[in-house]
Amino acid sequence: MTDGQPRGDILPEDRETVGIPAGGTARPAAASASGPFAIPEEPGGFPHDLAVDYEAGVELEARSQWAYVRMRFVRHRLAMASTIVLLALTAIALLASQVAPYSYDELDLANISSPPTLEGTHWFGTDLLGRDYLSRVIYGTRTSLLIAFLVALVSTLIGTALGAVAGYYGGQIDNLLMRFTDLILTLPGLAVLLTAAAFLGSGDLAVGPFTLPQPVKVGLILALLFWTQLARIVRGLFLSLREKEFVEAAKAAGASDMRIIVRHILPNCVGPIVVTMTLVIATAILVEAALSFLGFGIQPPHPALGKLIAEGQAEGFEVWWLVTFPGLVIVVICLAINFIGDGLRDALDPTQRRVRA
Amino acid sequence: MPEPVLAIRDLTVEFHTEDGVVRAVTGVSYELQPGEVLGVVGESGSGKSVSVLSVLGLIPQPPGRIASGEALFKGRDLLTLSKSELRDIRGGEMAMIFQDPMTSLNPVLTIGEQISEALRAHNPGMGDAAASARTVELLELVGVPFAERRVRQHPHEFSGGMRQRAMIAMAIANDPTVLVADEPTTALDVTIQAQIVEVLKAAQRETHAAIILITHDLGLIAELADRVVVMYAGRVVELADVMTIFRKPRHPYTVGLMKSLARLDSEQEWLEPIPGQPPSLISPPPGCAFHPRCAQSQGRAVCRSDVPVLRSFGEGGDHVSACHFAEELSVAHVRVGAGEGV
């Protein structure tokens, strides 16, 4: 907040006296426009953007909650910069077929293993088969982002739902759901992933009438393992929030369990959920990389960022660009998502007054 | 006498804890007449809140358990209703105002959202525009200035008094016939308390609701209540209209409460507190639960052996008291006048 700006969010305490004057005989309706204590909406003579003295009781601007969230987020510079970077990367990934100079599997046999150069057409160089590496990184980013967002979405849905039910109802339901969560949590993740990958095969997966493309398949498998952390966090939040008086007040107002969970408690958990979700996105990209690195996950010739690193790593340091560029993209995506999560956490807290630089 | 809107009969509520069974409420009966303000007074832990909350199904079960009793509301026993039937009544025909407006409002929803929530929960067909218009109307009624703009603000942008007004607006949203106010002014400054009292009066004028006022503030009782129930250790010890309670209390505990009240109209160097501590509800004293602290008992055996029953005293309507020696409490004994003004 800049000094001297009107602050619609702060009202002087002495407004207390506006509704019912001391003596307490007037009807509270005095606050309505017609009453004797009505205050003119527009004090004459003052430009509207000046901080009019509070005694006049004029509140200049009441922003909506989303306006506040937006304002706090926009002022979080790192988060804003990260959003722009991520949006740009997403746009490039979505428009891969238009943006990429070549197809991901197009061979240029005249330029095999050529280093990065700004003079030729292969800015990121080419790999051992002469494929344009910039194009492969762009297509790889598309695959990796698709998996990451899918994992984030599905695991957040599962984790939030299970955590909310367990935390709100407690008792036997809580016990059952949390032991199940513990069970999933104790599974050695990588081993399960490798088994699942081997069992489900490497191609597209046919489920009834639907065919799941390979990245979607990998994403779903990851999501089914990644919801545990969020489930525990959400359960913990619900355990403490369900004892709050505003929940009792909501019950006293006749709200149903479902309504209390979704409308009253869940909005109080948005911060931690969003932050955990961003962490899951970052982890998903890294685990997908690890999975591809081990030869499961995405199958050639389709690129994914982890896959690209895995292939490049086998070739040694002479072809350093094969590891460096996809690695850099992973780092940039993960950092950007973490910063966005940071910014969102601050922005979504309605009691947060401090605006971070 | 007209039909009572709410009749609680022989209500007993227990809590099962690790240390044993806590009898928070034992055999409590009282009736709420239409349009009246019934004060329920007592120390912390006297069962005054639990007696009402259990009727509304708002005590956690377990550990809580309603061991016996009935609560007749419009011909239906609230204690036998299903969860969803009770939910329809809560916030609709029976609404509640909570003690602490700081924590009873949801910090992430705007005031307007919370009030229209309450409206919509009981009026399924209500549209957006109608709900928000009614919300503004309600806030104006309880004296929140600039209601059209205030509805878009969050609770932390409201002062304590304004929040309590918003809570009251939420409670009267659906024109309740019974309004339960659980220590509505305890968390507020004295100056704000006086304003909230006015708002409560205005709310009652508007809705013609009968109010159950749970408090330990005798000033508030004097200001608002028509009849008073005094509770001690989970039992009703005295019940009378407000004048009689202040002028001719018939129970030594009520007398003790009066004496521990600071007054402006008498030269009084020290207050006279009631000696001792409230009894354990797991193993209450035998006989009259008040006897270890009682000035009247003077060690008489009957106080330690027999639980006193409520006896009628006739003067000033239905005055009942549960003391073996209620007759000994003469007016001269009690150096307190009627409680006019706060």
# chains A, B, ... in the order shown; residues from 1 in each chain; ligands from 1
$ residues_around --residues "segment 144-155 of chain B" --least-positions-apart "3" --cutoff "6 Å" --atoms "only C-alpha atoms" --output "PDB file with N, CA and C atoms, in the first residue's frame"
ATOM      1  N   GLY A  19     -24.131   3.481  13.874  1.00  0.00           N
ATOM      2  CA  GLY A  19     -25.398   2.775  13.807  1.00  0.00           C
ATOM      3  C   GLY A  19     -26.334   3.142  14.941  1.00  0.00           C
ATOM      4  N   ALA A  31     -28.860   3.788  10.402  1.00  0.00           N
ATOM      5  CA  ALA A  31     -27.731   3.766   9.487  1.00  0.00           C
ATOM      6  C   ALA A  31     -28.180   3.837   8.036  1.00  0.00           C
TER       7      ALA A  31
ATOM      8  N   PRO B 107     -13.108 -16.884   8.572  1.00  0.00           N
ATOM      9  CA  PRO B 107     -12.187 -15.827   8.150  1.00  0.00           C
ATOM     10  C   PRO B 107     -12.032 -15.690   6.641  1.00  0.00           C
ATOM     11  N   THR B 110     -16.609 -13.679   2.904  1.00  0.00           N
ATOM     12  CA  THR B 110     -17.041 -12.327   3.239  1.00  0.00           C
ATOM     13  C   THR B 110     -18.285 -12.396   4.115  1.00  0.00           C
ATOM     14  N   ILE B 111     -18.530 -11.290   4.813  1.00  0.00           N
ATOM     15  CA  ILE B 111     -19.694 -11.216   5.696  1.00  0.00           C
ATOM     16  C   ILE B 111     -20.966 -11.503   4.892  1.00  0.00           C
ATOM     17  N   GLY B 112     -21.043 -10.902   3.708  1.00  0.00           N
ATOM     18  CA  GLY B 112     -22.231 -11.100   2.878  1.00  0.00           C
ATOM     19  C   GLY B 112     -22.418 -12.558   2.499  1.00  0.00           C
ATOM     20  N   VAL B 136     -28.187  -7.218   2.825  1.00  0.00           N
ATOM     21  CA  VAL B 136     -27.957  -5.792   3.097  1.00  0.00           C
ATOM     22  C   VAL B 136     -29.006  -5.266   4.075  1.00  0.00           C
ATOM     23  N   LEU B 139     -28.202  -6.407   7.571  1.00  0.00           N
ATOM     24  CA  LEU B 139     -27.080  -5.687   8.170  1.00  0.00           C
ATOM     25  C   LEU B 139     -27.500  -4.280   8.580  1.00  0.00           C
ATOM     26  N   GLU B 140     -28.350  -3.668   7.770  1.00  0.00           N
ATOM     27  CA  GLU B 140     -28.832  -2.335   8.148  1.00  0.00           C
ATOM     28  C   GLU B 140     -29.678  -2.414   9.405  1.00  0.00           C
ATOM     29  N   PHE B 158     -13.820  -6.174  10.089  1.00  0.00           N
ATOM     30  CA  PHE B 158     -14.865  -5.713  10.988  1.00  0.00           C
ATOM     31  C   PHE B 158     -14.305  -5.614  12.398  1.00  0.00           C
TER      32      PHE B 158
END
$ closest_atom_pairs --of "segment 87-123 of chain B" --to "segment 181-185 of chain B" --cutoff "9 Å" --atoms "only C-alpha atoms" --output "tab-separated table"
residue	atom	partner	partner_atom	distance
B:Ala95	CA	B:Ala181	CA	8.6
B:Met96	CA	B:Ala181	CA	5.8
B:Ile97	CA	B:Ala181	CA	4.6
B:Phe98	CA	B:Asp182	CA	5.2
B:Gln99	CA	B:Pro184	CA	4.8
B:Asp100	CA	B:Pro184	CA	7.4
B:Pro101	CA	B:Pro184	CA	8.5
$ residues_around --residues "Glu14 of chain B" --least-positions-apart "5" --cutoff "8 Å" --atoms "only C-alpha atoms" --output "list of chain:residue names"
B:Val21, B:Val22, B:Arg23, B:Ala24, B:Val25, B:Gly64, B:Arg65, B:Ile66, B:Ala67
$ residues_around --residues "Ser82 of chain A" --least-positions-apart "2" --cutoff "9 Å" --atoms "only C-alpha atoms" --output "count of residues only"
16
$ residues_around --residues "Arg136 of chain A" --least-positions-apart "4" --cutoff "8 Å" --atoms "only C-alpha atoms" --output "MDAnalysis selection string"
chainID A and resid 103:105 131:132 140 303
$ residues_around --residues "segment 248-265 of chain B" --least-positions-apart "4" --cutoff "6 Å" --atoms "only C-alpha atoms" --output "ChimeraX atom specification"
/B:244,271-274,321,323,326,331
$ closest_residue --among "B:Ile282, B:Leu109, B:Cys294, B:Ile245" --to "chain A" --atoms "only C-alpha atoms"
B:Leu109
$ closest_residue --among "B:Val55, B:Leu220, B:Ala129, B:Met170" --to "Gln195 of chain B" --atoms "only C-alpha atoms"
B:Leu220
$ select_by_dssp --residues "segment 117-224 of chain A" --states "helix (DSSP H, G or I)" --output "ChimeraX atom specification"
/A:133-169,171-186,189-200,214-224
$ residues_around --residues "Leu94 of chain A" --least-positions-apart "6" --cutoff "10 Å" --atoms "only C-alpha atoms" --output "list in words"
Ala88, Ile138, Tyr139, Thr141, Arg142, Thr143, Leu145 and Leu146 of chain A
$ select_by_dssp --residues "segment 132-326 of chain B" --states "strand (DSSP E)" --output "ChimeraX atom specification"
/B:178-182,210-215,227-232,235-241,311-312,320-321
$ write_last_selection --atoms "C-alpha atoms" --output "JSON list (two decimals), in the first residue's frame"
[["chain", "number", "residue", "atom", "x", "y", "z"],
["B", 178, "VAL", "CA", -36.45, -19.11, 19.23],
["B", 179, "LEU", "CA", -33.17, -17.24, 19.39],
["B", 180, "VAL", "CA", -30.42, -18.65, 21.60],
["B", 181, "ALA", "CA", -27.83, -16.08, 22.64],
["B", 182, "ASP", "CA", -24.87, -17.81, 24.28],
["B", 210, "ALA", "CA", -38.40, -15.77, 22.18],
["B", 211, "ILE", "CA", -34.81, -15.46, 23.38],
["B", 212, "ILE", "CA", -32.84, -17.77, 25.61],
["B", 213, "LEU", "CA", -30.10, -15.57, 27.01],
["B", 214, "ILE", "CA", -27.24, -17.60, 28.44],
["B", 215, "THR", "CA", -24.92, -15.42, 30.49],
["B", 227, "ARG", "CA", -37.65, -14.53, 33.62],
["B", 228, "VAL", "CA", -34.48, -16.06, 35.00],
["B", 229, "VAL", "CA", -33.26, -19.61, 35.48],
["B", 230, "VAL", "CA", -30.38, -19.94, 37.92],
["B", 231, "MET", "CA", -28.28, -23.07, 37.44],
["B", 232, "TYR", "CA", -25.71, -24.61, 39.70],
["B", 235, "ARG", "CA", -29.31, -28.34, 38.15],
["B", 236, "VAL", "CA", -31.87, -25.59, 38.17],
["B", 237, "VAL", "CA", -31.69, -24.09, 41.66],
["B", 238, "GLU", "CA", -34.04, -21.18, 41.23],
["B", 239, "LEU", "CA", -36.49, -19.92, 38.64],
["B", 240, "ALA", "CA", -38.50, -16.72, 38.83],
["B", 241, "ASP", "CA", -39.32, -13.55, 36.99],
["B", 311, "ARG", "CA", -40.44, -25.96, 45.70],
["B", 312, "SER", "CA", -42.90, -23.30, 44.69],
["B", 320, "VAL", "CA", -39.40, -22.00, 42.49],
["B", 321, "SER", "CA", -36.27, -22.65, 44.50]]
$ atom_distance --atom1 "atom CA of Gly143 of chain B" --atom2 "atom CA of Gly219 of chain B"
22.6 Å
$ closest_residue --among "A:Arg72, A:Pro115, A:Trp321, A:Ala284" --to "Arg345 of chain A" --atoms "only C-alpha atoms"
A:Arg72
$ decode --residues "segment 139-170 of chain A" --atoms "N, CA and C atoms" --output "compact mmCIF listing (two decimals), in the first residue's frame"
# COMPACT_ATOMS: atom_id res chain seq x y z
N TYR A 139 9.14 -30.44 -27.77
CA TYR A 139 8.17 -31.53 -27.67
C TYR A 139 8.28 -32.24 -26.33
N GLY A 140 9.50 -32.35 -25.82
CA GLY A 140 9.70 -32.98 -24.51
C GLY A 140 9.04 -32.18 -23.41
N THR A 141 9.15 -30.86 -23.52
CA THR A 141 8.50 -29.99 -22.53
C THR A 141 6.99 -30.21 -22.54
N ARG A 142 6.45 -30.39 -23.75
CA ARG A 142 5.02 -30.61 -23.85
C ARG A 142 4.62 -31.87 -23.09
N THR A 143 5.35 -32.95 -23.36
CA THR A 143 5.04 -34.20 -22.67
C THR A 143 5.16 -34.04 -21.16
N SER A 144 6.26 -33.45 -20.73
CA SER A 144 6.51 -33.35 -19.29
C SER A 144 5.48 -32.46 -18.60
N LEU A 145 5.13 -31.35 -19.22
CA LEU A 145 4.13 -30.46 -18.61
C LEU A 145 2.77 -31.13 -18.54
N LEU A 146 2.43 -31.87 -19.60
CA LEU A 146 1.15 -32.58 -19.60
C LEU A 146 1.09 -33.54 -18.42
N ILE A 147 2.16 -34.32 -18.29
CA ILE A 147 2.20 -35.27 -17.17
C ILE A 147 2.11 -34.53 -15.84
N ALA A 148 2.90 -33.46 -15.73
CA ALA A 148 2.97 -32.75 -14.45
C ALA A 148 1.60 -32.20 -14.04
N PHE A 149 0.92 -31.54 -14.97
CA PHE A 149 -0.38 -30.95 -14.62
C PHE A 149 -1.42 -32.03 -14.35
N LEU A 150 -1.34 -33.11 -15.11
CA LEU A 150 -2.27 -34.21 -14.88
C LEU A 150 -2.08 -34.78 -13.48
N VAL A 151 -0.82 -35.03 -13.13
CA VAL A 151 -0.53 -35.57 -11.80
C VAL A 151 -1.04 -34.61 -10.73
N ALA A 152 -0.75 -33.33 -10.92
CA ALA A 152 -1.16 -32.34 -9.92
C ALA A 152 -2.67 -32.36 -9.74
N LEU A 153 -3.39 -32.34 -10.85
CA LEU A 153 -4.84 -32.28 -10.79
C LEU A 153 -5.42 -33.52 -10.11
N VAL A 154 -5.04 -34.70 -10.62
CA VAL A 154 -5.64 -35.93 -10.11
C VAL A 154 -5.24 -36.18 -8.66
N SER A 155 -3.95 -36.00 -8.35
CA SER A 155 -3.54 -36.30 -6.98
C SER A 155 -4.13 -35.28 -6.00
N THR A 156 -4.31 -34.05 -6.44
CA THR A 156 -4.92 -33.06 -5.55
C THR A 156 -6.38 -33.42 -5.27
N LEU A 157 -7.08 -33.85 -6.32
CA LEU A 157 -8.48 -34.25 -6.11
C LEU A 157 -8.58 -35.41 -5.13
N ILE A 158 -7.78 -36.45 -5.38
CA ILE A 158 -7.84 -37.62 -4.50
C ILE A 158 -7.43 -37.24 -3.08
N GLY A 159 -6.29 -36.57 -2.97
CA GLY A 159 -5.75 -36.25 -1.65
C GLY A 159 -6.69 -35.36 -0.85
N THR A 160 -7.25 -34.36 -1.51
CA THR A 160 -8.13 -33.44 -0.80
C THR A 160 -9.40 -34.14 -0.35
N ALA A 161 -9.98 -34.93 -1.25
CA ALA A 161 -11.23 -35.61 -0.90
C ALA A 161 -11.02 -36.57 0.27
N LEU A 162 -10.00 -37.42 0.17
CA LEU A 162 -9.77 -38.39 1.24
C LEU A 162 -9.40 -37.68 2.54
N GLY A 163 -8.51 -36.70 2.45
CA GLY A 163 -8.09 -35.98 3.65
C GLY A 163 -9.25 -35.27 4.31
N ALA A 164 -10.10 -34.65 3.50
CA ALA A 164 -11.23 -33.90 4.05
C ALA A 164 -12.19 -34.83 4.78
N VAL A 165 -12.53 -35.95 4.14
CA VAL A 165 -13.47 -36.89 4.76
C VAL A 165 -12.88 -37.46 6.04
N ALA A 166 -11.60 -37.86 5.96
CA ALA A 166 -10.96 -38.45 7.15
C ALA A 166 -10.91 -37.44 8.29
N GLY A 167 -10.50 -36.23 7.98
CA GLY A 167 -10.33 -35.23 9.03
C GLY A 167 -11.65 -34.75 9.60
N TYR A 168 -12.66 -34.63 8.75
CA TYR A 168 -13.93 -34.08 9.23
C TYR A 168 -14.69 -35.10 10.08
N TYR A 169 -14.77 -36.33 9.58
CA TYR A 169 -15.56 -37.31 10.32
C TYR A 169 -14.79 -37.96 11.45
N GLY A 170 -13.46 -38.11 11.28
CA GLY A 170 -12.66 -38.70 12.35
C GLY A 170 -13.06 -40.15 12.62
